[in-house]
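Participant: This is structure_33.pdb (PDB, C-alpha atoms).
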ATOM      1  CA  MET A   1       0.000   0.000   0.000
ATOM      2  CA  ILE A   2       1.128   3.545  -0.832
ATOM      3  CA  GLY A   3      -0.316   6.619   0.857
ATOM      4  CA  TYR A   4      -0.652   9.694  -1.344
ATOM      5  CA  TYR A   5      -1.389  13.083   0.241
ATOM      6  CA  VAL A   6      -2.981  15.510  -2.252
ATOM      7  CA  HIS A   7      -3.127  19.221  -1.438
ATOM      8  CA  HIS A   8      -6.491  20.903  -1.877
ATOM      9  CA  GLN A   9      -5.351  24.183  -3.484
ATOM     10  CA  GLY A  10      -6.128  24.342  -7.215
ATOM     11  CA  ARG A  11      -6.539  21.214  -9.333
ATOM     12  CA  GLY A  12      -3.000  20.498 -10.451
ATOM     13  CA  HIS A  13      -2.027  18.339  -7.458
ATOM     14  CA  LEU A  14      -4.994  16.040  -8.042
ATOM     15  CA  HIS A  15      -4.454  15.859 -11.817
ATOM     16  CA  ARG A  16      -0.826  14.881 -11.248
ATOM     17  CA  ALA A  17      -1.708  12.275  -8.604
ATOM     18  CA  ARG A  18      -4.275  10.620 -10.847
ATOM     19  CA  CYS A  19      -1.798  10.378 -13.706
ATOM     20  CA  VAL A  20       0.953   8.896 -11.553
ATOM     21  CA  VAL A  21      -1.360   6.467  -9.761
ATOM     22  CA  ALA A  22      -2.650   5.160 -13.113
ATOM     23  CA  HIS A  23       0.829   3.658 -13.639
ATOM     24  CA  VAL A  24       1.261   2.179 -10.150
ATOM     25  CA  GLU A  25       0.591  -1.540  -9.619
ATOM     26  CA  GLN A  26       0.427  -1.365  -5.840
ATOM     27  CA  PRO A  27      -2.805  -0.162  -4.164
ATOM     28  CA  VAL A  28      -2.802   3.573  -3.463
ATOM     29  CA  THR A  29      -4.870   5.425  -0.868
ATOM     30  CA  VAL A  30      -5.339   9.161  -1.376
ATOM     31  CA  LEU A  31      -5.598  11.382   1.702
ATOM     32  CA  SER A  32      -6.958  14.839   0.928
ATOM     33  CA  SER A  33      -9.413  17.578   1.855
ATOM     34  CA  LEU A  34     -10.634  17.510  -1.740
ATOM     35  CA  PRO A  35     -13.901  15.718  -2.430
ATOM     36  CA  ARG A  36     -13.458  12.250  -3.844
ATOM     37  CA  PRO A  37     -13.873  12.353  -7.648
ATOM     38  CA  SER A  38     -16.800  10.297  -8.869
ATOM     39  CA  THR A  39     -14.498   8.339 -11.198
ATOM     40  CA  TRP A  40     -11.935   7.432  -8.522
ATOM     41  CA  ARG A  41     -12.030   3.692  -7.869
ATOM     42  CA  GLY A  42      -9.328   3.316  -5.236
ATOM     43  CA  PRO A  43      -9.411   4.053  -1.488
ATOM     44  CA  TRP A  44      -9.889   7.715  -0.569
ATOM     45  CA  ILE A  45      -9.591   9.219   2.926
ATOM     46  CA  THR A  46     -11.329  12.588   3.245
ATOM     47  CA  LEU A  47      -9.510  14.882   5.658
ATOM     48  CA  PRO A  48     -11.271  17.663   7.573
ATOM     49  CA  PRO A  49     -10.261  21.251   6.766
ATOM     50  CA  ASP A  50      -7.898  23.062   9.100
ATOM     51  CA  THR A  51      -8.271  26.585   7.766
ATOM     52  CA  THR A  52      -8.966  29.488  10.080
ATOM     53  CA  ASP A  53      -8.978  33.267   9.833
ATOM     54  CA  ASP A  54      -7.308  33.714  13.200
ATOM     55  CA  PRO A  55      -4.642  31.025  13.659
ATOM     56  CA  ALA A  56      -2.455  30.873  16.746
ATOM     57  CA  ASP A  57       1.256  30.336  16.000
ATOM     58  CA  PRO A  58       0.491  28.562  12.683
ATOM     59  CA  THR A  59       4.174  28.094  11.778
ATOM     60  CA  ALA A  60       5.481  26.837  15.150
ATOM     61  CA  ARG A  61       7.768  29.854  15.368
ATOM     62  CA  GLY A  62       8.851  29.543  11.757
ATOM     63  CA  ARG A  63       9.740  25.849  11.786
ATOM     64  CA  LEU A  64       6.676  24.554   9.881
ATOM     65  CA  HIS A  65       4.111  25.936   7.427
ATOM     66  CA  TRP A  66       0.692  25.265   8.986
ATOM     67  CA  VAL A  67       0.186  23.860  12.482
ATOM     68  CA  PRO A  68      -2.315  26.205  14.209
ATOM     69  CA  LEU A  69      -2.478  25.736  17.957
ATOM     70  CA  ARG A  70      -5.584  24.157  19.514
ATOM     71  CA  HIS A  71      -7.340  23.814  16.149
ATOM     72  CA  PRO A  72      -9.701  20.821  16.289
ATOM     73  CA  GLY A  73      -9.748  20.356  12.511
ATOM     74  CA  HIS A  74      -5.963  20.268  12.343
ATOM     75  CA  ARG A  75      -5.742  17.821  15.258
ATOM     76  CA  GLU A  76      -8.354  15.562  13.672
ATOM     77  CA  ARG A  77      -6.607  15.774  10.308
ATOM     78  CA  MET A  78      -3.240  14.702  11.701
ATOM     79  CA  GLY A  79      -4.902  12.006  13.778
ATOM     80  CA  ILE A  80      -6.633  10.488  10.742
ATOM     81  CA  ILE A  81      -3.358  10.348   8.808
ATOM     82  CA  ALA A  82      -1.535   8.833  11.779
ATOM     83  CA  GLU A  83      -4.264   6.249  12.380
ATOM     84  CA  TRP A  84      -4.277   5.274   8.703
ATOM     85  CA  ILE A  85      -0.484   4.800   8.769
ATOM     86  CA  ARG A  86      -0.719   2.742  11.970
ATOM     87  CA  ALA A  87      -3.465   0.516  10.561
ATOM     88  CA  GLU A  88      -2.202   0.079   6.990
ATOM     89  CA  ASN A  89       1.582   0.063   7.493
ATOM     90  CA  PRO A  90       2.201   1.602   4.033
ATOM     91  CA  ALA A  91       5.360   0.822   2.113
ATOM     92  CA  LEU A  92       5.653   4.462   1.032
ATOM     93  CA  PHE A  93       4.067   7.863   1.633
ATOM     94  CA  VAL A  94       3.918  10.536  -1.084
ATOM     95  CA  SER A  95       3.367  14.162  -0.112
ATOM     96  CA  ASP A  96       2.061  16.517  -2.813
ATOM     97  CA  VAL A  97       2.437  18.725  -0.924
ATOM     98  CA  SER A  98       2.600  19.155   2.845
ATOM     99  CA  VAL A  99       5.702  19.361   4.989
ATOM    100  CA  GLU A 100       3.583  18.447   7.993
ATOM    101  CA  ALA A 101       2.110  15.293   6.395
ATOM    102  CA  ALA A 102       5.544  14.230   5.132
ATOM    103  CA  THR A 103       7.096  14.782   8.555
ATOM    104  CA  LEU A 104       4.329  12.858  10.309
ATOM    105  CA  ALA A 105       4.804   9.883   7.996
ATOM    106  CA  ARG A 106       8.565   9.889   8.505
ATOM    107  CA  LEU A 107       8.142  10.175  12.279
ATOM    108  CA  MET A 108       6.113   6.975  12.053
ATOM    109  CA  GLY A 109       8.914   5.199  10.201
ATOM    110  CA  VAL A 110       7.498   5.314   6.661
ATOM    111  CA  PRO A 111       9.723   6.187   3.655
ATOM    112  CA  VAL A 112       8.629   9.474   2.099
ATOM    113  CA  VAL A 113       8.611  10.956  -1.404
ATOM    114  CA  VAL A 114       8.040  14.713  -1.578
ATOM    115  CA  ALA A 115       6.742  16.365  -4.729
ATOM    116  CA  ALA A 116       9.214  19.192  -5.208
ATOM    117  CA  MET A 117       8.251  22.722  -6.114
ATOM    118  CA  ARG A 118      10.268  25.451  -7.787
ATOM    119  CA  GLY A 119      10.973  28.758  -6.114
ATOM    120  CA  ASP A 120      12.549  29.721  -2.821
ATOM    121  CA  ARG A 121      12.391  26.516  -0.761
ATOM    122  CA  LEU A 122      15.264  27.282   1.591
ATOM    123  CA  ASP A 123      13.049  28.265   4.536
ATOM    124  CA  ALA A 124      13.225  26.082   7.631
ATOM    125  CA  ALA A 125      10.022  24.145   6.885
ATOM    126  CA  HIS A 126      10.937  23.256   3.322
ATOM    127  CA  ARG A 127      14.449  22.320   4.402
ATOM    128  CA  LEU A 128      12.944  19.915   6.921
ATOM    129  CA  GLY A 129      10.612  18.324   4.377
ATOM    130  CA  TYR A 130      13.161  18.070   1.583
ATOM    131  CA  ASP A 131      15.935  16.893   3.919
ATOM    132  CA  LEU A 132      13.908  14.045   5.437
ATOM    133  CA  ALA A 133      12.511  12.843   2.105
ATOM    134  CA  ASP A 134      13.913   9.620   0.711
ATOM    135  CA  ALA A 135      13.414  11.084  -2.754
ATOM    136  CA  LEU A 136      12.262  14.319  -4.355
ATOM    137  CA  LEU A 137       9.964  14.137  -7.367
ATOM    138  CA  ALA A 138      10.683  17.070  -9.714
ATOM    139  CA  PRO A 139       8.293  17.372 -12.693
ATOM    140  CA  TRP A 140      10.717  19.355 -14.827
ATOM    141  CA  PRO A 141      13.754  18.500 -16.987
ATOM    142  CA  PRO A 142      17.117  17.635 -15.377
ATOM    143  CA  ASP A 143      18.886  20.214 -17.538
ATOM    144  CA  LEU A 144      16.752  23.012 -16.058
ATOM    145  CA  PRO A 145      17.375  22.457 -12.322
ATOM    146  CA  GLU A 146      16.640  24.798  -9.461
ATOM    147  CA  PRO A 147      19.857  26.822  -9.119
ATOM    148  CA  ASP A 148      19.903  27.329  -5.332
ATOM    149  CA  TRP A 149      19.252  23.784  -4.153
ATOM    150  CA  PRO A 150      21.908  22.153  -1.967
ATOM    151  CA  ALA A 151      23.804  19.256  -3.519
ATOM    152  CA  HIS A 152      22.169  16.581  -1.356
ATOM    153  CA  TRP A 153      18.716  17.560  -2.681
ATOM    154  CA  HIS A 154      19.893  17.261  -6.289
ATOM    155  CA  ALA A 155      21.434  13.875  -5.495
ATOM    156  CA  LYS A 156      18.088  12.320  -4.515
ATOM    157  CA  THR A 157      15.897  14.065  -7.094
ATOM    158  CA  ALA A 158      14.077  12.182  -9.849
ATOM    159  CA  HIS A 159      13.495  14.602 -12.730
ATOM    160  CA  THR A 160      10.537  13.254 -14.689
ATOM    161  CA  GLY A 161       9.757  16.122 -17.019
ATOM    162  CA  SER A 162       6.252  17.552 -16.829
ATOM    163  CA  ILE A 163       3.300  15.373 -15.858
ATOM    164  CA  SER A 164       0.015  16.080 -17.617
ATOM    165  CA  ARG A 165      -3.331  14.322 -17.815
ATOM    166  CA  TYR A 166      -2.974  14.866 -21.570
ATOM    167  CA  ASP A 167       0.303  13.009 -22.056
ATOM    168  CA  GLY A 168      -0.237  10.501 -24.832
ATOM    169  CA  ARG A 169      -3.732  11.722 -25.643
ATOM    170  CA  PRO A 170      -4.412  11.946 -29.384
ATOM    171  CA  ARG A 171      -5.152  15.337 -30.818
ATOM    172  CA  PRO A 172      -8.748  15.844 -31.977
ATOM    173  CA  GLU A 173      -9.324  14.745 -35.545
ATOM    174  CA  SER A 174     -10.930  18.107 -36.288
ATOM    175  CA  ASP A 175      -9.962  21.534 -35.022
ATOM    176  CA  GLY A 176     -13.594  22.040 -34.064
ATOM    177  CA  GLU A 177     -15.664  25.146 -34.521
ATOM    178  CA  ARG A 178     -13.705  28.370 -34.651
ATOM    179  CA  SER A 179     -15.262  31.772 -34.264
ATOM    180  CA  GLY A 180     -14.140  32.651 -37.799
ATOM    181  CA  ALA A 181     -11.042  32.675 -39.941
ATOM    182  CA  ARG A 182      -9.038  34.607 -37.373
ATOM    183  CA  PRO A 183      -6.233  32.939 -35.399
ATOM    184  CA  GLU A 184      -7.231  32.083 -31.849
ATOM    185  CA  VAL A 185      -5.867  32.993 -28.440
ATOM    186  CA  VAL A 186      -6.915  30.779 -25.522
ATOM    187  CA  VAL A 187      -6.410  32.339 -22.100
ATOM    188  CA  MET A 188      -6.137  29.668 -19.388
ATOM    189  CA  LEU A 189      -6.121  31.096 -15.871
ATOM    190  CA  GLY A 190      -6.708  27.977 -13.775
ATOM    191  CA  ALA A 191      -8.486  27.221 -10.511
ATOM    192  CA  GLY A 192      -5.789  28.411  -8.119
ATOM    193  CA  GLY A 193      -6.588  32.103  -8.491
ATOM    194  CA  ALA A 194      -5.845  34.813 -11.045
ATOM    195  CA  ASP A 195      -4.056  38.166 -11.065
ATOM    196  CA  VAL A 196      -5.765  39.315 -14.283
ATOM    197  CA  THR A 197      -8.833  41.564 -14.328
ATOM    198  CA  PRO A 198     -11.733  41.402 -16.799
ATOM    199  CA  ALA A 199     -10.822  44.936 -17.909
ATOM    200  CA  GLN A 200      -7.299  43.829 -18.835
ATOM    201  CA  LEU A 201      -8.682  40.927 -20.852
ATOM    202  CA  ARG A 202     -11.129  43.169 -22.699
ATOM    203  CA  ALA A 203      -8.402  45.695 -23.490
ATOM    204  CA  ALA A 204      -6.089  43.010 -24.881
ATOM    205  CA  ALA A 205      -8.851  41.612 -27.104
ATOM    206  CA  LEU A 206      -9.812  45.069 -28.384
ATOM    207  CA  ALA A 207      -6.163  45.792 -29.216
ATOM    208  CA  THR A 208      -5.941  42.641 -31.371
ATOM    209  CA  PRO A 209      -8.997  42.672 -33.658
ATOM    210  CA  ASP A 210      -7.352  40.166 -36.008
ATOM    211  CA  TRP A 211      -7.410  37.534 -33.245
ATOM    212  CA  SER A 212     -10.245  35.637 -31.616
ATOM    213  CA  TRP A 213     -10.012  35.355 -27.811
ATOM    214  CA  THR A 214     -11.378  32.497 -25.694
ATOM    215  CA  VAL A 215     -11.023  32.871 -21.925
ATOM    216  CA  LEU A 216     -11.050  29.966 -19.467
ATOM    217  CA  GLY A 217     -11.095  30.350 -15.712
ATOM    218  CA  ALA A 218     -11.710  34.095 -15.401
ATOM    219  CA  PRO A 219     -14.491  35.408 -13.136
ATOM    220  CA  GLY A 220     -17.783  35.264 -14.981
ATOM    221  CA  THR A 221     -16.644  32.628 -17.476
ATOM    222  CA  PRO A 222     -17.762  29.003 -17.311
ATOM    223  CA  TRP A 223     -15.315  26.416 -15.992
ATOM    224  CA  VAL A 224     -14.153  24.020 -18.715
ATOM    225  CA  GLU A 225     -13.274  20.672 -17.173
ATOM    226  CA  ASP A 226     -11.489  19.398 -20.279
ATOM    227  CA  PRO A 227      -9.733  22.184 -22.235
ATOM    228  CA  TRP A 228      -7.737  19.761 -24.435
ATOM    229  CA  PRO A 229      -9.677  20.454 -27.683
ATOM    230  CA  LEU A 230      -9.339  24.206 -27.113
ATOM    231  CA  LEU A 231      -5.606  23.931 -26.430
ATOM    232  CA  CYS A 232      -5.077  21.856 -29.559
ATOM    233  CA  ARG A 233      -6.886  24.276 -31.832
ATOM    234  CA  ALA A 234      -5.302  27.410 -30.296
ATOM    235  CA  ASP A 235      -2.648  29.333 -32.177
ATOM    236  CA  VAL A 236      -1.388  30.832 -28.896
ATOM    237  CA  VAL A 237      -2.194  30.051 -25.271
ATOM    238  CA  VAL A 238      -1.840  32.741 -22.629
ATOM    239  CA  THR A 239      -1.417  31.237 -19.196
ATOM    240  CA  HIS A 240       0.128  31.565 -15.773
ATOM    241  CA  ALA A 241       3.214  29.576 -14.757
ATOM    242  CA  GLY A 242       1.638  26.909 -12.588
ATOM    243  CA  GLN A 243       3.159  23.463 -13.071
ATOM    244  CA  ASN A 244      -0.099  21.941 -14.311
ATOM    245  CA  ALA A 245      -0.913  24.741 -16.757
ATOM    246  CA  ILE A 246       2.555  24.606 -18.299
ATOM    247  CA  ALA A 247       2.390  20.799 -18.493
ATOM    248  CA  GLU A 248      -0.883  21.009 -20.417
ATOM    249  CA  CYS A 249       0.476  23.590 -22.856
ATOM    250  CA  ALA A 250       3.554  21.438 -23.341
ATOM    251  CA  ALA A 251       1.491  18.296 -23.955
ATOM    252  CA  ALA A 252      -0.479  20.154 -26.627
ATOM    253  CA  ARG A 253       2.766  21.536 -28.132
ATOM    254  CA  VAL A 254       1.122  24.955 -28.427
ATOM    255  CA  PRO A 255       3.017  28.291 -28.433
ATOM    256  CA  ALA A 256       2.499  30.045 -25.120
ATOM    257  CA  VAL A 257       2.702  33.448 -23.491
ATOM    258  CA  VAL A 258       3.482  32.781 -19.834
ATOM    259  CA  ILE A 259       2.759  35.432 -17.202
ATOM    260  CA  PRO A 260       3.633  34.211 -13.698
ATOM    261  CA  GLN A 261       1.200  34.953 -10.911
ATOM    262  CA  HIS A 262       2.140  35.794  -7.371
ATOM    263  CA  ARG A 263       2.374  32.624  -5.300
ATOM    264  CA  PRO A 264       4.132  31.732  -2.035
ATOM    265  CA  HIS A 265       7.872  31.205  -2.408
ATOM    266  CA  ALA A 266       7.805  32.814  -5.902
ATOM    267  CA  GLU A 267       7.080  29.400  -7.414
ATOM    268  CA  GLN A 268       5.605  30.650 -10.670
ATOM    269  CA  HIS A 269       8.319  33.239 -11.228
ATOM    270  CA  ALA A 270      10.949  30.508 -10.862
ATOM    271  CA  THR A 271       9.143  28.361 -13.448
ATOM    272  CA  ALA A 272       8.876  31.346 -15.775
ATOM    273  CA  ARG A 273      12.618  31.982 -15.471
ATOM    274  CA  ALA A 274      13.347  28.383 -16.472
ATOM    275  CA  LEU A 275      11.019  28.646 -19.485
ATOM    276  CA  ARG A 276      12.632  31.911 -20.558
ATOM    277  CA  ALA A 277      16.140  30.490 -20.182
ATOM    278  CA  ALA A 278      15.206  27.488 -22.340
ATOM    279  CA  GLY A 279      13.432  29.608 -24.966
ATOM    280  CA  LEU A 280      10.292  27.493 -24.613
ATOM    281  CA  ALA A 281       7.760  30.279 -24.160
ATOM    282  CA  THR A 282       7.295  34.032 -24.406
ATOM    283  CA  VAL A 283       7.547  35.197 -20.806
ATOM    284  CA  ARG A 284       6.381  38.499 -19.351
ATOM    285  CA  ASP A 285       6.676  39.289 -15.659
ATOM    286  CA  ALA A 286       3.361  41.183 -15.584
ATOM    287  CA  TRP A 287       0.268  41.462 -17.762
ATOM    288  CA  PRO A 288       1.295  43.490 -20.832
ATOM    289  CA  ALA A 289      -0.275  46.803 -21.759
ATOM    290  CA  ALA A 290      -2.973  46.567 -24.421
ATOM    291  CA  GLU A 291      -0.785  48.087 -27.147
ATOM    292  CA  GLU A 292       1.883  45.402 -26.618
ATOM    293  CA  TRP A 293      -0.356  42.469 -27.506
ATOM    294  CA  PRO A 294      -0.249  42.578 -31.342
ATOM    295  CA  ALA A 295       3.558  42.261 -31.463
ATOM    296  CA  LEU A 296       3.554  39.821 -28.533
ATOM    297  CA  LEU A 297       1.186  37.395 -30.257
ATOM    298  CA  ALA A 298       3.080  37.655 -33.535
ATOM    299  CA  GLU A 299       6.350  36.893 -31.741
ATOM    300  CA  THR A 300       4.848  33.912 -29.923
ATOM    301  CA  VAL A 301       3.126  32.234 -32.854
ATOM    302  CA  ALA A 302       6.420  32.371 -34.787
ATOM    303  CA  ARG A 303       8.356  30.688 -31.951
ATOM    304  CA  PRO A 304       9.656  27.240 -32.920
ATOM    305  CA  GLY A 305       8.132  24.527 -30.771
ATOM    306  CA  HIS A 306      10.544  22.568 -28.578
ATOM    307  CA  TRP A 307       8.143  21.522 -25.821
ATOM    308  CA  GLU A 308       9.432  17.943 -25.927
ATOM    309  CA  ARG A 309      12.365  19.132 -23.823
ATOM    310  CA  TRP A 310       9.930  20.052 -21.041
ATOM    311  CA  SER A 311       7.363  17.377 -21.751
ATOM    312  CA  PRO A 312       8.800  13.980 -22.763
ATOM    313  CA  GLY A 313       5.315  12.475 -22.602
ATOM    314  CA  ASP A 314       6.082   9.785 -20.019
ATOM    315  CA  GLY A 315       6.531  11.881 -16.880
ATOM    316  CA  ALA A 316       3.845  10.018 -14.937
ATOM    317  CA  ALA A 317       5.369   6.632 -15.836
ATOM    318  CA  ARG A 318       8.788   7.845 -14.705
ATOM    319  CA  ALA A 319       7.292   9.000 -11.404
ATOM    320  CA  ALA A 320       5.560   5.631 -10.976
ATOM    321  CA  ARG A 321       8.859   3.822 -11.498
ATOM    322  CA  LEU A 322      10.359   5.885  -8.678
ATOM    323  CA  LEU A 323       7.486   4.962  -6.350
ATOM    324  CA  ALA A 324       7.706   1.310  -7.360
ATOM    325  CA  ASP A 325      11.432   1.212  -6.700
ATOM    326  CA  LEU A 326      11.003   2.703  -3.249
ATOM    327  CA  ALA A 327       7.973   0.563  -2.414
ATOM    328  CA  GLY A 328       9.541  -2.595  -3.805
ATOM    329  CA  ARG A 329       7.084  -3.228  -6.612
ATOM    330  CA  THR A 330       7.125  -3.000 -10.427
ATOM    331  CA  PRO A 331       4.880  -0.426 -12.158
ATOM    332  CA  ARG A 332       2.425  -1.487 -14.797
ATOM    333  CA  ARG A 333       2.181   0.171 -18.189
ATOM    334  CA  SER A 334      -0.978   2.240 -18.395
ATOM    335  CA  ALA A 335      -2.466   5.357 -19.891
ATOM    336  CA  CYS A 336      -3.421   8.262 -17.633
ATOM    337  CA  VAL A 337      -7.007   7.207 -16.940
ATOM    338  CA  PRO A 338      -9.295   7.860 -13.969
ATOM    339  CA  ARG A 339      -8.910   5.579 -11.013
TER     340      ARG A 339
END
Let's see the structure in the file written out as structure tokens.
Facilitator:
Amino acid sequence: MIGYYVHHQGRGHLHRARCVVAHVEQPVTVLSSLPRPSTWRGPWITLPPDTTDDPADPTARGRLHWVPLRHPGHRERMGIIAEWIRAENPALFVSDVSVEAATLARLMGVPVVVAAMRGDRLDAAHRLGYDLADALLAPWPPDLPEPDWPAHWHAKTAHTGSISRYDGRPRPESDGERSGARPEVVVMLGAGGADVTPAQLRAAALATPDWSWTVLGAPGTPWVEDPWPLLCRADVVVTHAGQNAIAECAAARVPAVVIPQHRPHAEQHATARALRAAGLATVRDAWPAAEEWPALLAETVARPGHWERWSPGDGAARAARLLADLAGRTPRRSACVPR
């Protein structure tokens, strides 16, 4: 048995877990505050929330990330994880991501894999989580490492390349219905929050009348659960620099304008720097002014596509091999399908 902690913020952690688990032979139990997906067929432990507007010493004086004092939800959450570990005796525990869950598992004598994140991870809590991990799972290429990591982190890191639910998925036979003969921009903002206003989106569209704009994830727009057909037909995708969003653009091999959003530890800005250094995307540090968009889109659509460097297409299978090695089992070959 493998335990797999899935963070509740956004949807990328869950998408990645489902893809990796689809390649794992051993039974996997997910532990998460997220609701169990209707298509999930394996064990799922629902954890109570531990959020609060008025936490007491939530970082244990800077040593951890979220351990609010005397919070019943937090105590219950940790107790459920501990009881599951005691009862199931898992061969491995994967944390994507929680320093506290990883530390609890290791305190109970279970080997731990931590899903690594880009950005400034040299704070005391991240150092604890990354130091105690038996392995770090990095969903980016080995030739684009994090520059400030200590050598012992690099030594135990498995670089898988990006992991996307769309890896290996055939492109649609037809490009589908376009809004006309104009080239299309798809703006993909994601579920983790957006720094872009409706006014900025309207101004960009008005400044580029030769382009058709489709917006996903902005306030007032419907949520699209499966944007794959839209990504495949797009001439340019405009997105943030979240790991999942970039993985989906890379899987679709679509030219991208990447505008990192503000996240803890500057995660998205670190990803954007790596993309810029590799020449894989057009990167801007902030939403461009309206008059910049015509030249920006022309520059991006002319960019040669080299996404295979970021997205080898088998990132989930590589991650599963790491888990199998540490848990002592052999992964099966499988597509990324719901479980």
Participant: Counting only C-alpha atoms, which of A:Arg309, A:His262, A:His152, A:His126 gets nearest to A:Arg63?
Facilitator: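 Checking each of A:Arg309, A:His262, A:His152, A:His126 against A:Arg63, counting only C-alpha atoms, the winner is A:His126.
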Participant: Which distance in Å separates atom CA of A:Leu189 and atom CA of A:Leu136, to one decimal?
Facilitator: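 Rounded to one decimal, the two atoms are 27.4 Å apart.
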Participant: Looking at A:Gly305, A:Pro150, A:Gly242, A:Pro227, which one is nearest to A:Val254, with distances taken over all atoms listed in the file?
Facilitator: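 Distance minimum relative to A:Val254 lands on A:Gly305.
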Participant: As an exercise, work out the distance from atom CA of A:Glu25 to atom CA of A:Gly328 in Å and give it to one decimal place.
Facilitator: 10.7 Å
Participant: Given the point (5.1, 40.1, -18.6) in the file's coordinates, find the residues that have an atom at most 10 Å from it, counting all atoms listed in the file, and give them as a ChimeraX atom specification.
Facilitator: /A:257-260,272,282-289
Participant: Restricting the calculation to all atoms listed in the file: of A:Arg318, A:His306, A:Arg171, A:Arg182, which residue gets closest to A:Ala250?
Facilitator: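 When distances to A:Ala250 are compared using all atoms listed in the file, the smallest one comes from A:His306.
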Participant: Evaluate the PyMOL selection byres ((chain A and resi 85) around 12) here and jot the selected residues down as a count of residues only.
Facilitator: 33
Participant: Starting from the point (2.9, 20.5, -25.8), work out which residues of protein, DNA or RNA have an atom no more than 12 Å away when counting all atoms listed in the file; state them as JSON, numbers by chain.
Facilitator: {"A": [161, 162, 163, 164, 165, 166, 167, 168, 169, 170, 171, 228, 231, 232, 234, 236, 237, 244, 245, 246, 247, 248, 249, 250, 251, 252, 253, 254, 255, 256, 280, 281, 304, 305, 306, 307, 308, 309, 310, 311, 312, 313]}
Participant: How would the residues just picked look written out with C-alpha atoms as an mmCIF file, in the frame of the given file?
Facilitator:
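Saved file result-v2.cif follows:
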data_model
loop_
_atom_site.group_PDB
_atom_site.id
_atom_site.type_symbol
_atom_site.label_atom_id
_atom_site.label_comp_id
_atom_site.auth_asym_id
_atom_site.auth_seq_id
_atom_site.Cartn_x
_atom_site.Cartn_y
_atom_site.Cartn_z
ATOM 1 C CA GLY A 161 9.757 16.122 -17.019
ATOM 2 C CA SER A 162 6.252 17.552 -16.829
ATOM 3 C CA ILE A 163 3.300 15.373 -15.858
ATOM 4 C CA SER A 164 0.015 16.080 -17.617
ATOM 5 C CA ARG A 165 -3.331 14.322 -17.815
ATOM 6 C CA TYR A 166 -2.974 14.866 -21.570
ATOM 7 C CA ASP A 167 0.303 13.009 -22.056
ATOM 8 C CA GLY A 168 -0.237 10.501 -24.832
ATOM 9 C CA ARG A 169 -3.732 11.722 -25.643
ATOM 10 C CA PRO A 170 -4.412 11.946 -29.384
ATOM 11 C CA ARG A 171 -5.152 15.337 -30.818
ATOM 12 C CA TRP A 228 -7.737 19.761 -24.435
ATOM 13 C CA LEU A 231 -5.606 23.931 -26.430
ATOM 14 C CA CYS A 232 -5.077 21.856 -29.559
ATOM 15 C CA ALA A 234 -5.302 27.410 -30.296
ATOM 16 C CA VAL A 236 -1.388 30.832 -28.896
ATOM 17 C CA VAL A 237 -2.194 30.051 -25.271
ATOM 18 C CA ASN A 244 -0.099 21.941 -14.311
ATOM 19 C CA ALA A 245 -0.913 24.741 -16.757
ATOM 20 C CA ILE A 246 2.555 24.606 -18.299
ATOM 21 C CA ALA A 247 2.390 20.799 -18.493
ATOM 22 C CA GLU A 248 -0.883 21.009 -20.417
ATOM 23 C CA CYS A 249 0.476 23.590 -22.856
ATOM 24 C CA ALA A 250 3.554 21.438 -23.341
ATOM 25 C CA ALA A 251 1.491 18.296 -23.955
ATOM 26 C CA ALA A 252 -0.479 20.154 -26.627
ATOM 27 C CA ARG A 253 2.766 21.536 -28.132
ATOM 28 C CA VAL A 254 1.122 24.955 -28.427
ATOM 29 C CA PRO A 255 3.017 28.291 -28.433
ATOM 30 C CA ALA A 256 2.499 30.045 -25.120
ATOM 31 C CA LEU A 280 10.292 27.493 -24.613
ATOM 32 C CA ALA A 281 7.760 30.279 -24.160
ATOM 33 C CA PRO A 304 9.656 27.240 -32.920
ATOM 34 C CA GLY A 305 8.132 24.527 -30.771
ATOM 35 C CA HIS A 306 10.544 22.568 -28.578
ATOM 36 C CA TRP A 307 8.143 21.522 -25.821
ATOM 37 C CA GLU A 308 9.432 17.943 -25.927
ATOM 38 C CA ARG A 309 12.365 19.132 -23.823
ATOM 39 C CA TRP A 310 9.930 20.052 -21.041
ATOM 40 C CA SER A 311 7.363 17.377 -21.751
ATOM 41 C CA PRO A 312 8.800 13.980 -22.763
ATOM 42 C CA GLY A 313 5.315 12.475 -22.602
#
Participant: Applying 12 Å and all atoms listed in the file, which residues near A:Pro264 remain after dropping the ones on its own chain fewer than 5 positions away? List them as a ChimeraX atom specification.
Facilitator: /A:65,117-121,123,242,269-270
Participant: So which one's closest to A:Ala274, A:Ala56, A:Val215, A:Leu144, A:Val196? Using all atoms listed in the file, please.
Facilitator: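 Result for the nearest residue to A:Ala274: A:Leu144.
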